[in-house]
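First the structure, in the form of structure tokens, and then the observations on it.
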Amino acid sequence: MSALASAKDRLAAVRPKGRISPWWILIGLAAALFLLSVLQLVTGADDLASSGTIRATLIATVPIALAGLGGLWSERSGVVNIGLEGMMILGTFGAGFFGYHYGPWVGVLGAIAMGAIGGLIHAVATVLFGVDHIISGVAINIIALGATQYLAALAFSGLPGGGQTQSPTLRDVNSITIGPLSDALGDIEGSGIFFVSELAAGLRALVTELSLLVLLALLLFVLTYFVLWRTAFGLRLRSCGESPAAAETLGVNVYRYKFIAVLVSGGLAGLGGGFLALVASSNYRDGQTGGRGYIGLAAMIFGNWRPGGLLAGSGLFGYTETLGLRRGGESVHALLLLIAALLVIVAIWQWRRLRHVSAGVSAVIALGAAALYYSTDAVPGDFTRMAPYVTTLLVLAFASQRLRMPAADGQIYRRGTAG
Amino acid sequence: MTPRMTRIALGIAAPVLALVAAFLITSLVLLIAGDPVGEVWSTILSVPATRNIANIINSATVLYISGLAVAVGFRMNLFNIGVDGQYRIAAFAAAFVAGEAWLPGYLNTLLAVVAAILVGAAWAGIAGVLRARRGVSEVISTIMLNAISTYLVAYLLRQAAVQEQGSNIIATREIPEGSRIPGFSLSDQAGTTVYGFVFIAILLGIGYWVMLNRTRFGFDLRATGRSEPAAIASGIDTKRMIIYTMLISGGIAGLVGLPILFGAAYSYGSTFQSGLGFAGIAIALLGRNHPIGIALGALLFAFLDEQSNPLQILVDVAPDIVKITQGIIVLTVVIAYEVVRRYGLRIEQRQVAQALERPAGEKSEVSA
Amino acid sequence: MVSTPVQHDTSADRMAVRLHGIGKRFPGVIANDDVNIDVARGTIHAIVGENGAGKSTLMKILYGVQKPDSGTIEINGTQVVLGSPAEAIRAGVGMVFQHFMLADNLTVLENVTLGAERLHGIGDEARAEILKISDAYGLNIEPDVLVEKLGVGARQRVEILKVLYRGAKIVILDEPTAVLVPQEVEELFDNLRELKSEGLTVIFISHKLDEVLSVADIVTVIRRGTTVATVDPGSVTARQLAELMVGSELPSPSTETSTVTDDVLITVENLTLPSDGARPLLDDISFVIHRGEVLGIAGVEGNGQAELVESMMGMRPAVTGTVTLVDRDLSTLSTRVRREAGIGYIPEDRQRYGLLLDAPLWENRVLGHQTREPNVNGIFIDKAAARADTARIIEEYDVRTPGPDVLARALSGGNQQKLIVGREMSSEPILLIAAHPTRGVDVGAQAAIWDQIKRARREGLAVLLISADLDELIGLSDRIEVILRGKLVGEFDPGEVTPEQLGSAMTGAGEPS
């Protein structure tokens, strides 16, 4: 029994590896809000953190985040999914068709189902037939676009308000407003007190016309984290992305888990598409996704294949997208100053770690941003909309060494090749 | 059969298999949707009129160049998804240069073509450098660069554009007549002009084949694509090869928009055709990265596009149905090639085994 | 010569595993043919055979990874059909693979509980169970470490723990000692004896005969996919066992009279390759090789041999120090220029570094020589000349293949290696670097490759020979240097040194520490 006793002693000393707790996400959000408050104070760009901006950011973030979450499921099981865009497109049609005929919540289910069909094609091609994941993804994007255009013409032509390229107006899913609280917070926001006002704006966005789908999306993030990192099912799924050969030798049915993961992936991306049709706008339209599937993928990489990071990345992209629409020139112009300041900090930090080249690069970009800020009054809208993509490229270029994708991500696995 | 003949026979079997499968699946979709399957196919597969033939050759020319651009990358295991962005930014640059007409006549054309190649190469080169020096997947970076180029071109277009009278379409200055590339007509009817650029595309295909299959550079490129470790051990600087390949791929991509620019549109505007890069991926896969295969693939895709146009009018079916066919072809062709490849390898291993009177101890274990 | 097979008790109730008439074909290859093995419960049963004899395939069949084409498997007296590893695990079979089946980015706990979550969950209960097993068998494993942080020995113990955690009664180990240093081998054998004393059955696959004789209770020999003898380790010598394995007299690598000259061909000075950790991968390595001399490098795998070769070939940009070939300083030059200067290179992993598996043989002839006659003509590849020269290599080096258009993948390992040797000798090199030239090839090819190295030496080449096979090193080398932790730690005369002496130098046993 001594072995057991000593095992117990040592058990006390062993602490499970720390993960980023939800508190850190809240603290991060507060810090971001604080920075924006400072920036508003300095630059006078007062739409940077208004409740309207925050609400719009939330709406812009969710589709990206859901697509990214789809990517996370798929890639954690080792299947690269650039077909997310196509699955989202299928989702917009699913929401349009089922939402129009059977009401918004059936529309939600329809979006998930249509996305999952895209996932099914991807799973069959990549897992069963061993097609290169990128090729399959490209094919799905082509098929999905063609299929929705073909089906939309079939389904919506001749309906009131519908046509070849759009569905009739859809009813929105339910949303919640806590009236008194919303009004009270509105008053505080209007008071213009430094940081308090912005904090109130943030909270107000959460209690005013908050779509249930936004809540559902947040819930799915928590659920994903729990399922993938806290259950046996999740362990098996992730092991397929890390080392499918090891998983197979331990009796894990690798094909089955990859299949499930890619199906879920499609469903989530489809839900993201459905959100676009049902919440972000009020009907299905051709070209509605606008490359958000790809941004979701970028957000997932930005977030290092983890749900928390993915959410942060999606928020960043959602925010820049929002600013591009709401008096973007002025707001993004103000953000230039923040970027300059942050890059100066990065430059100093890198310099002290003796990374003189990246310190230099950061300093030069910081100077450039500052120069732009002081020499112009507004940033052209095209550059605002470019920002998320440029950010992703920069993150990839300068932080790719820190990123850690699943070890067997994108590799084609065949049954019986273990050992 | 000799190994070579076996390989050729199998090489033909795969795309045929893939096409048959794609047509069956598309028919199934039509059937489920309740559309007239027979009428759809009889419309698409009808003999095209001269005007349609000209259109098919013209769009095939464009798709062909796009396919070549993607195929160069494929030969080295590089996935240039960014042909879309590369050709758009390059076409804009060429249109701007040609429109400004700093040089007279065909010198102006030449300058514009060179500008397109350089801009396309540079844009793809960003992804190449990121991959070679920072290890960033070219798939992701080219997707990002596609989006960036869309907005960048939109911005630049607004700076450089001239307003056309009575229209809210903005476009670059029109290319002077002396700098356009003349086409040739297939018949006396109007609308049967084929781009003169088609000859340049053919030359490009020949150049592509010679470079890849006959030169030392091409050997290095293919070797790197087949096995990077073996390439390094053989003395190839694979990082430099990545950058060169992306530059070549981007340079070819830069040409994609030019047949349209110099043969039909004469200026770059906000309505310039987009999406040709993704079709190029499909066509390169279909054509197995071989210039003749790519040509056949481009003709097939152009044929499907052109012949599906009247579907809406004639049988009330959305022409987008052929996009489904095209997408499915991409999948089935890859699956078919893989099935055939495994089958072929098995035949070859058997041939090797049979050709040898195997002496004692000569036995290979298939290592997994 | 051949020892008589022992008569052992084959009554069913004592047998943990009975394999009867197992056959398995792959396209063009018969991996197993009529294999019959009885493994008694509570014994360590070794299965030996040369590379490619079909041992690994057989074990994959027993572990359900692959299905046999014919034959039956009985476990504890019951006939079973093992369709997947899951079924094998349920039948009480566990396997430690030659290439570890571990996910680097998961913790030990996650790796161990994967697939066996029903036993103790994936949380604290499982953690306690792992520590319990670890302590009981002296495995010394911490559950919450990422596997990527572990060394080779610890990874293997994790693999064993994985098997024990699942309650396996029959443990298969496929070439477990290939990656271990001798001390670790001893520890492993202690662990195995521990398992045996607990009543477990161990099936031990190896081709290292000394080890087999020291640990096994009984030995089955496999040759060309079939069982040829089952012997008692007490009654055979390693050499007799080896001859059973190959079915003939062993070729001997011994060389003829010395051809060493005073002419220095290559000088390596102060070669140092930094690493991410504290200790450099190569630490101030200097040596010379003369014309007509073979310098052997002995060392336990992973002590810098691969890095040394790659540094000399210019594949490691971070390296410092100089490499001088005759009078030319190669230190800053690219791999290609070094090859052109007259270095022939037989890389360690031929399938990864030496060949384009999906290219025809003639293209593989060009590989590494794509700037030289007869393969090129200006900037163009001369396909006809390259094909003709490939045909010459096929003829001269006895590469068994129908012709130069066959894909390299279709060839057996030995023939692939003969093609590489022929290619590297064809452009008149003055220095030949050969890393593990006979690893994983059949006996016939081994003898042919040894002949080529001897010929190279006779013709006045300098040869750098890296090998894990000490007999090969002693037989072929004129001088042996021992490499340990990236350093050259001793020079030996192969005429006098014994494998045992080399072995202790390789592990630093005699080293004052």
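Labeling convention for the structure tokens: chains A, B, ... as they appear, residues from 1 per chain, ligands from 1 in order of appearance.
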
At a cut-off of 8 Å, can you tabulate as CSV every residue of chain C near chain B together with its closest atom pair and the distance in Å to one decimal, using only C-alpha atoms and ordering rows by chain then number?
```
residue,atom,partner,partner_atom,distance
C:Phe26,CA,B:Val366,CA,7.2
C:Pro27,CA,B:Arg346,CA,5.7
C:Gly28,CA,B:Arg350,CA,4.5
C:Val29,CA,B:Ser364,CA,6.5
C:Ile30,CA,B:Glu365,CA,7.9
C:Ala31,CA,B:Glu365,CA,6.0
C:Gly52,CA,B:Glu365,CA,4.8
C:Ala53,CA,B:Glu365,CA,7.1
C:Gly54,CA,B:Glu365,CA,6.5
C:Arg224,CA,B:Gly361,CA,6.7
C:Val246,CA,B:Gly361,CA,7.2
C:Met313,CA,B:Ala233,CA,7.9
C:Met315,CA,B:Ile232,CA,7.2
C:Ser334,CA,B:Gly235,CA,7.1
C:Thr335,CA,B:Gly235,CA,4.5
C:Arg336,CA,B:Gly235,CA,4.0
C:Val337,CA,B:Gly235,CA,7.7
C:Arg339,CA,B:Gly235,CA,7.4
C:Pro347,CA,B:Ala233,CA,7.9
C:Arg352,CA,B:Ala230,CA,5.9
C:Tyr353,CA,B:Ala230,CA,3.9
C:Gly354,CA,B:Ala230,CA,5.5
C:Leu355,CA,B:Ala230,CA,6.1
C:Leu356,CA,B:Ser227,CA,6.2
C:Leu357,CA,B:Arg226,CA,7.9
C:Asp358,CA,B:Arg226,CA,7.2
C:Leu367,CA,B:Ser234,CA,6.0
C:Gly368,CA,B:Ser234,CA,3.7
C:His369,CA,B:Ser234,CA,7.4
C:Gln370,CA,B:Arg216,CA,6.4
C:Thr371,CA,B:Arg216,CA,7.3
C:Val376,CA,B:Arg216,CA,7.5
C:Ile379,CA,B:Thr215,CA,5.6
C:Phe380,CA,B:Thr215,CA,4.0
C:Ile381,CA,B:Thr215,CA,5.2
C:Asp382,CA,B:Arg214,CA,7.7
C:Lys383,CA,B:Arg214,CA,8.0
C:Arg400,CA,B:Leu356,CA,6.6
C:Thr401,CA,B:Val352,CA,5.9
C:Pro402,CA,B:Ala355,CA,6.0
C:Asp405,CA,B:Pro3,CA,7.3
C:Val406,CA,B:Pro3,CA,7.0
C:Ala410,CA,B:Gln349,CA,5.0
C:Leu411,CA,B:Val352,CA,7.3
C:Ser412,CA,B:Ser364,CA,4.8
C:Gly413,CA,B:Ser364,CA,6.4
C:Gly414,CA,B:Glu362,CA,7.9
C:Asp442,CA,B:Gly361,CA,6.0
C:Val443,CA,B:Gly361,CA,6.5
C:Gly444,CA,B:Gly361,CA,6.7
```

Let's have the selection written as a CSV table (one decimal), in the first residue's frame, with N, CA and C atoms.
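Generated output (part_2.csv):
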```csv
chain,number,residue,atom,x,y,z
C,26,PHE,N,1.0,-8.0,-49.3
C,26,PHE,CA,0.8,-6.7,-49.8
C,26,PHE,C,1.1,-6.7,-51.3
C,27,PRO,N,0.6,-5.7,-52.0
C,27,PRO,CA,0.8,-5.7,-53.5
C,27,PRO,C,2.3,-6.0,-53.8
C,28,GLY,N,2.6,-7.1,-54.5
C,28,GLY,CA,4.0,-7.4,-54.9
C,28,GLY,C,4.8,-8.0,-53.8
C,29,VAL,N,4.3,-8.1,-52.6
C,29,VAL,CA,5.2,-8.5,-51.5
C,29,VAL,C,4.4,-9.5,-50.7
C,30,ILE,N,5.1,-10.6,-50.3
C,30,ILE,CA,4.5,-11.5,-49.3
C,30,ILE,C,5.1,-11.1,-47.9
C,31,ALA,N,4.4,-10.5,-47.0
C,31,ALA,CA,5.0,-10.1,-45.8
C,31,ALA,C,5.0,-11.3,-44.8
C,52,GLY,N,12.9,-6.5,-42.8
C,52,GLY,CA,12.1,-6.9,-43.9
C,52,GLY,C,11.6,-8.3,-43.8
C,53,ALA,N,11.9,-9.0,-42.7
C,53,ALA,CA,11.5,-10.4,-42.6
C,53,ALA,C,10.0,-10.6,-42.3
C,54,GLY,N,9.4,-9.5,-41.9
C,54,GLY,CA,7.9,-9.6,-41.7
C,54,GLY,C,7.5,-9.6,-40.2
C,224,ARG,N,12.2,-14.5,-44.2
C,224,ARG,CA,11.4,-14.3,-45.4
C,224,ARG,C,9.9,-14.5,-45.1
C,246,VAL,N,19.3,-15.3,-41.6
C,246,VAL,CA,19.5,-15.0,-43.0
C,246,VAL,C,19.6,-16.3,-43.9
C,313,MET,N,27.7,18.8,-45.1
C,313,MET,CA,27.0,18.9,-46.4
C,313,MET,C,26.4,20.3,-46.6
C,315,MET,N,24.0,21.7,-44.8
C,315,MET,CA,22.5,21.8,-44.6
C,315,MET,C,22.2,22.4,-43.3
C,334,SER,N,27.3,26.5,-50.5
C,334,SER,CA,26.0,25.8,-50.4
C,334,SER,C,26.2,24.3,-50.6
C,335,THR,N,25.2,23.6,-50.3
C,335,THR,CA,25.2,22.1,-50.4
C,335,THR,C,25.5,21.8,-51.9
C,336,ARG,N,24.9,22.5,-52.8
C,336,ARG,CA,25.2,22.1,-54.2
C,336,ARG,C,26.6,22.3,-54.6
C,337,VAL,N,27.2,23.4,-54.2
C,337,VAL,CA,28.7,23.6,-54.5
C,337,VAL,C,29.5,22.5,-53.8
C,339,ARG,N,28.6,19.5,-53.1
C,339,ARG,CA,28.5,18.3,-53.9
C,339,ARG,C,29.3,18.4,-55.2
C,347,PRO,N,22.6,9.5,-47.7
C,347,PRO,CA,22.0,10.0,-46.5
C,347,PRO,C,21.4,8.9,-45.6
C,352,ARG,N,13.5,9.6,-47.2
C,352,ARG,CA,13.2,11.0,-47.0
C,352,ARG,C,14.2,11.9,-47.7
C,353,TYR,N,15.5,11.6,-47.5
C,353,TYR,CA,16.6,12.5,-48.0
C,353,TYR,C,17.2,12.0,-49.3
C,354,GLY,N,17.1,10.8,-49.6
C,354,GLY,CA,17.8,10.3,-50.8
C,354,GLY,C,17.0,10.1,-52.0
C,355,LEU,N,15.7,10.1,-52.0
C,355,LEU,CA,15.0,9.8,-53.1
C,355,LEU,C,13.7,10.6,-53.3
C,356,LEU,N,13.3,10.7,-54.5
C,356,LEU,CA,11.9,11.2,-54.8
C,356,LEU,C,11.1,10.0,-55.1
C,357,LEU,N,10.3,9.5,-54.1
C,357,LEU,CA,9.7,8.2,-54.2
C,357,LEU,C,8.7,8.1,-55.4
C,358,ASP,N,8.1,9.3,-55.7
C,358,ASP,CA,7.1,9.2,-56.7
C,358,ASP,C,7.6,9.7,-58.1
C,367,LEU,N,18.8,13.6,-59.4
C,367,LEU,CA,18.7,14.3,-58.1
C,367,LEU,C,20.1,14.4,-57.4
C,368,GLY,N,20.5,15.6,-57.0
C,368,GLY,CA,21.8,15.8,-56.4
C,368,GLY,C,22.9,16.0,-57.4
C,369,HIS,N,22.6,15.8,-58.7
C,369,HIS,CA,23.6,15.9,-59.7
C,369,HIS,C,23.0,16.7,-60.9
C,370,GLN,N,22.0,17.6,-60.5
C,370,GLN,CA,21.3,18.3,-61.6
C,370,GLN,C,22.1,19.4,-62.2
C,371,THR,N,23.3,19.5,-61.9
C,371,THR,CA,24.1,20.6,-62.6
C,371,THR,C,25.3,19.9,-63.3
C,376,VAL,N,22.8,17.1,-67.6
C,376,VAL,CA,22.3,18.4,-68.1
C,376,VAL,C,23.1,18.8,-69.4
C,379,ILE,N,21.2,24.9,-69.6
C,379,ILE,CA,20.2,25.0,-68.6
C,379,ILE,C,19.1,23.9,-68.7
C,380,PHE,N,19.3,23.0,-69.6
C,380,PHE,CA,18.3,22.0,-69.8
C,380,PHE,C,18.7,20.6,-69.2
C,381,ILE,N,17.7,19.8,-68.8
C,381,ILE,CA,18.0,18.5,-68.4
C,381,ILE,C,18.1,17.6,-69.6
C,382,ASP,N,19.1,16.8,-69.7
C,382,ASP,CA,19.3,15.9,-70.8
C,382,ASP,C,18.7,14.5,-70.4
C,383,LYS,N,17.4,14.4,-70.8
C,383,LYS,CA,16.7,13.2,-70.3
C,383,LYS,C,17.3,11.9,-70.9
C,400,ARG,N,17.7,-4.2,-58.9
C,400,ARG,CA,16.7,-5.1,-59.6
C,400,ARG,C,15.4,-4.4,-59.9
C,401,THR,N,15.2,-4.0,-61.2
C,401,THR,CA,14.1,-3.3,-61.6
C,401,THR,C,14.0,-3.5,-63.1
C,402,PRO,N,12.7,-3.4,-63.6
C,402,PRO,CA,12.5,-3.6,-65.1
C,402,PRO,C,13.2,-2.4,-65.9
C,405,ASP,N,12.3,3.8,-66.0
C,405,ASP,CA,11.1,4.5,-65.9
C,405,ASP,C,10.2,4.2,-64.7
C,406,VAL,N,10.6,3.1,-64.0
C,406,VAL,CA,9.8,2.7,-62.8
C,406,VAL,C,9.9,3.7,-61.7
C,410,ALA,N,8.4,1.8,-56.0
C,410,ALA,CA,8.1,0.4,-56.3
C,410,ALA,C,9.3,-0.5,-56.0
C,411,LEU,N,10.5,0.1,-55.7
C,411,LEU,CA,11.6,-0.8,-55.5
C,411,LEU,C,11.7,-1.2,-54.0
C,412,SER,N,12.4,-2.3,-53.7
C,412,SER,CA,12.6,-2.7,-52.3
C,412,SER,C,13.7,-1.8,-51.7
C,413,GLY,N,13.8,-1.8,-50.4
C,413,GLY,CA,14.7,-0.9,-49.7
C,413,GLY,C,16.2,-1.2,-50.2
C,414,GLY,N,16.5,-2.4,-50.3
C,414,GLY,CA,17.9,-2.7,-50.7
C,414,GLY,C,18.2,-2.2,-52.1
C,442,ASP,N,18.4,-5.8,-47.1
C,442,ASP,CA,18.6,-7.3,-47.0
C,442,ASP,C,20.1,-7.6,-47.1
C,443,VAL,N,20.4,-8.9,-46.8
C,443,VAL,CA,21.8,-9.3,-46.7
C,443,VAL,C,22.5,-9.2,-48.0
C,444,GLY,N,21.8,-9.5,-49.1
C,444,GLY,CA,22.5,-9.4,-50.4
C,444,GLY,C,22.9,-8.0,-50.8
```

- Query: What are the residues of chain B that have an atom within 9 Å of an atom of chain A, counting only C-alpha atoms, as a VMD selection string?
  - Reply: chain B and resid 33 79 81 130 to 131 133 to 137 139 to 141 143 to 145 147 to 152 154 to 155 278 to 279 281 to 282 285 317 to 332 334 to 335 338 to 339 368

- Any idea what the distance is between CA of Ser258 in chain C and CA of Ala298 in chain C?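 CA of Ala298 in chain C lies at a distance of 20.1 Å from CA of Ser258 in chain C.
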
- Item | Residue list (strand (DSSP E), DSSP) for range 165-310 of chain A, as a PyMOL selection string | chain A and resi 175-176+210-211

Pull C-alpha atoms from the residues just selected and write them as a compact mmCIF listing (two decimals), in the first residue's frame.
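Output (out18.txt):
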```txt
# COMPACT_ATOMS: atom_id res chain seq x y z
CA SER A 175 -34.34 39.34 -28.16
CA ILE A 176 -34.27 40.54 -24.59
CA LEU A 210 -29.86 41.37 -26.98
CA SER A 211 -30.67 38.66 -29.49
```

Each residue of chain C with at least one atom at most 6 Å from chain A should appear once, together with its nearest atom pair and the corresponding distance in Å (one decimal); atoms considered: only C-alpha atoms; ordering: chain, then increasing residue number; output as JSON lines.
```
{"residue": "C:Val65", "atom": "CA", "partner": "A:Gly416", "partner_atom": "CA", "distance": 5.4}
{"residue": "C:Pro85", "atom": "CA", "partner": "A:Gly251", "partner_atom": "CA", "distance": 5.1}
{"residue": "C:Ala86", "atom": "CA", "partner": "A:Gly251", "partner_atom": "CA", "distance": 3.9}
{"residue": "C:Phe97", "atom": "CA", "partner": "A:Gly419", "partner_atom": "CA", "distance": 5.9}
{"residue": "C:Met101", "atom": "CA", "partner": "A:Ala246", "partner_atom": "CA", "distance": 4.3}
{"residue": "C:Leu102", "atom": "CA", "partner": "A:Ala246", "partner_atom": "CA", "distance": 5.7}
{"residue": "C:Ala103", "atom": "CA", "partner": "A:Ser243", "partner_atom": "CA", "distance": 5.1}
{"residue": "C:Gly115", "atom": "CA", "partner": "A:Leu250", "partner_atom": "CA", "distance": 5.4}
{"residue": "C:Glu117", "atom": "CA", "partner": "A:Ala232", "partner_atom": "CA", "distance": 6.0}
{"residue": "C:Leu131", "atom": "CA", "partner": "A:Ala7", "partner_atom": "CA", "distance": 5.3}
{"residue": "C:Lys132", "atom": "CA", "partner": "A:Leu4", "partner_atom": "CA", "distance": 5.5}
{"residue": "C:Asp135", "atom": "CA", "partner": "A:Ala3", "partner_atom": "CA", "distance": 5.8}
```

Resulting file, chosen residues, N, CA and C atoms, as a PDB file, in the first residue's frame:
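Writing the result to selection.pdb gives the following:
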```pdb
ATOM      1  N   VAL C  65      -4.046  -4.122 -35.901  1.00  0.00           N
ATOM      2  CA  VAL C  65      -3.882  -2.980 -36.792  1.00  0.00           C
ATOM      3  C   VAL C  65      -4.115  -3.419 -38.236  1.00  0.00           C
ATOM      4  N   PRO C  85      -7.378  -2.436 -33.031  1.00  0.00           N
ATOM      5  CA  PRO C  85      -6.640  -2.432 -31.767  1.00  0.00           C
ATOM      6  C   PRO C  85      -7.577  -2.490 -30.569  1.00  0.00           C
ATOM      7  N   ALA C  86      -8.766  -1.874 -30.701  1.00  0.00           N
ATOM      8  CA  ALA C  86      -9.697  -1.892 -29.576  1.00  0.00           C
ATOM      9  C   ALA C  86     -10.021  -3.327 -29.184  1.00  0.00           C
ATOM     10  N   PHE C  97       4.931   0.375 -29.708  1.00  0.00           N
ATOM     11  CA  PHE C  97       5.412   0.440 -31.085  1.00  0.00           C
ATOM     12  C   PHE C  97       6.849   0.926 -31.146  1.00  0.00           C
ATOM     13  N   MET C 101       3.859   5.883 -30.186  1.00  0.00           N
ATOM     14  CA  MET C 101       2.522   6.349 -30.517  1.00  0.00           C
ATOM     15  C   MET C 101       2.054   7.305 -29.436  1.00  0.00           C
ATOM     16  N   LEU C 102       2.684   8.468 -29.410  1.00  0.00           N
ATOM     17  CA  LEU C 102       2.346   9.449 -28.383  1.00  0.00           C
ATOM     18  C   LEU C 102       2.061  10.775 -29.058  1.00  0.00           C
ATOM     19  N   ALA C 103       1.110  11.513 -28.503  1.00  0.00           N
ATOM     20  CA  ALA C 103       0.824  12.856 -29.008  1.00  0.00           C
ATOM     21  C   ALA C 103       1.649  13.843 -28.203  1.00  0.00           C
ATOM     22  N   GLY C 115      -8.685   6.665 -24.898  1.00  0.00           N
ATOM     23  CA  GLY C 115      -9.210   5.375 -25.321  1.00  0.00           C
ATOM     24  C   GLY C 115      -9.563   4.469 -24.171  1.00  0.00           C
ATOM     25  N   GLU C 117     -10.853   5.831 -21.191  1.00  0.00           N
ATOM     26  CA  GLU C 117     -11.438   6.787 -20.246  1.00  0.00           C
ATOM     27  C   GLU C 117     -12.418   6.102 -19.304  1.00  0.00           C
ATOM     28  N   LEU C 131       0.088   7.139 -11.155  1.00  0.00           N
ATOM     29  CA  LEU C 131       1.170   7.200 -10.170  1.00  0.00           C
ATOM     30  C   LEU C 131       1.340   5.857  -9.485  1.00  0.00           C
ATOM     31  N   LYS C 132       0.228   5.169  -9.246  1.00  0.00           N
ATOM     32  CA  LYS C 132       0.300   3.873  -8.587  1.00  0.00           C
ATOM     33  C   LYS C 132       1.064   2.873  -9.448  1.00  0.00           C
ATOM     34  N   ASP C 135       4.759   3.759  -9.703  1.00  0.00           N
ATOM     35  CA  ASP C 135       5.527   3.372  -8.513  1.00  0.00           C
ATOM     36  C   ASP C 135       5.693   1.865  -8.428  1.00  0.00           C
TER      37      ASP C 135
END
```

- Query: Could you pull the residues within 8 Å of Val332 in chain A, counting only C-alpha atoms, minus those fewer than 5 positions along the same chain, as a list in words?
  - Reply: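 Selected residues are Thr320, Leu323, Gly324, Ala378, Val379 and Thr384 of chain A.
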
Those selected residues, please, written with C-alpha atoms and delivered as a short mmCIF file (atom, residue, chain, number, x, y, z; two decimals), in the first residue's frame.
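Now in result-v4.cif:
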```
data_model
loop_
_atom_site.label_atom_id
_atom_site.label_comp_id
_atom_site.auth_asym_id
_atom_site.auth_seq_id
_atom_site.Cartn_x
_atom_site.Cartn_y
_atom_site.Cartn_z
CA THR A 320 -12.83 46.91 -36.97
CA LEU A 323 -15.88 50.98 -37.16
CA GLY A 324 -15.68 50.68 -40.91
CA ALA A 378 -9.64 60.45 -41.57
CA VAL A 379 -8.69 57.04 -42.89
CA THR A 384 -10.61 50.46 -42.54
#
```

- Message: Env of range 384-389 of chain C: 12 Å cut, atoms = only C-alpha atoms, seq-sep filter 4 positions within chain, self excluded. Answer as an NGL selection string.
- Response: (:B and (214)) or (:C and (360-367 or 369-377 or 380 or 393-397 or 403-406 or 419 or 422-423 or 426-427))

- Record the distance separating CA of Leu150 in chain C and CA of Phe100 in chain C, expressed in Å with one decimal. 12.1 Å

- Task: Could you give me, as a list in words, the residues within 10 Å of Val323 in chain C, counting only C-alpha atoms and dropping anything in the same chain fewer than 5 positions from it?
- Result: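 Listed by chain and then number, they are Ile266, Thr267, Val268, Glu269, Asn270, Leu271, Ser286, Phe287, Val288, Ser311, Met312, Met313, Gly314, Arg328, Asp329, Leu330, Ser331, Thr332 and Leu333 of chain C.
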
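Using only C-alpha atoms, the nearest neighbour of Leu84 in chain A within the list A:Thr43, A:Thr169, A:Thr289, A:Asn283 is A:Thr289.
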
- Task: Using only C-alpha atoms, determine which residues lie at most 10 Å from range 371-377 of chain A, disregarding the query and same-chain residues fewer than 5 positions distant; provide the list as a PyMOL selection string.
- Result: chain A and resi 329-330+332-338+340+365-366

Just the selected residues (C-alpha atoms), exported as a tab-separated table (two decimals), in the first residue's frame, please.
```tsv
chain	number	residue	atom	x	y	z
A	329	GLY	CA	-12.82	57.31	-41.05
A	330	GLU	CA	-12.74	59.23	-37.83
A	332	VAL	CA	-10.05	54.32	-37.23
A	333	HIS	CA	-8.06	57.48	-37.50
A	334	ALA	CA	-8.17	57.71	-33.72
A	335	LEU	CA	-7.17	54.07	-33.45
A	336	LEU	CA	-3.97	54.89	-35.31
A	337	LEU	CA	-2.77	56.68	-32.22
A	338	LEU	CA	-3.50	53.65	-30.07
A	340	ALA	CA	1.31	53.72	-32.46
A	365	ILE	CA	5.46	51.02	-38.00
A	366	ALA	CA	4.68	52.98	-34.83
```

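In this structure, CA of Leu311 in chain A sits 27.7 Å away from CA of Ile188 in chain A.
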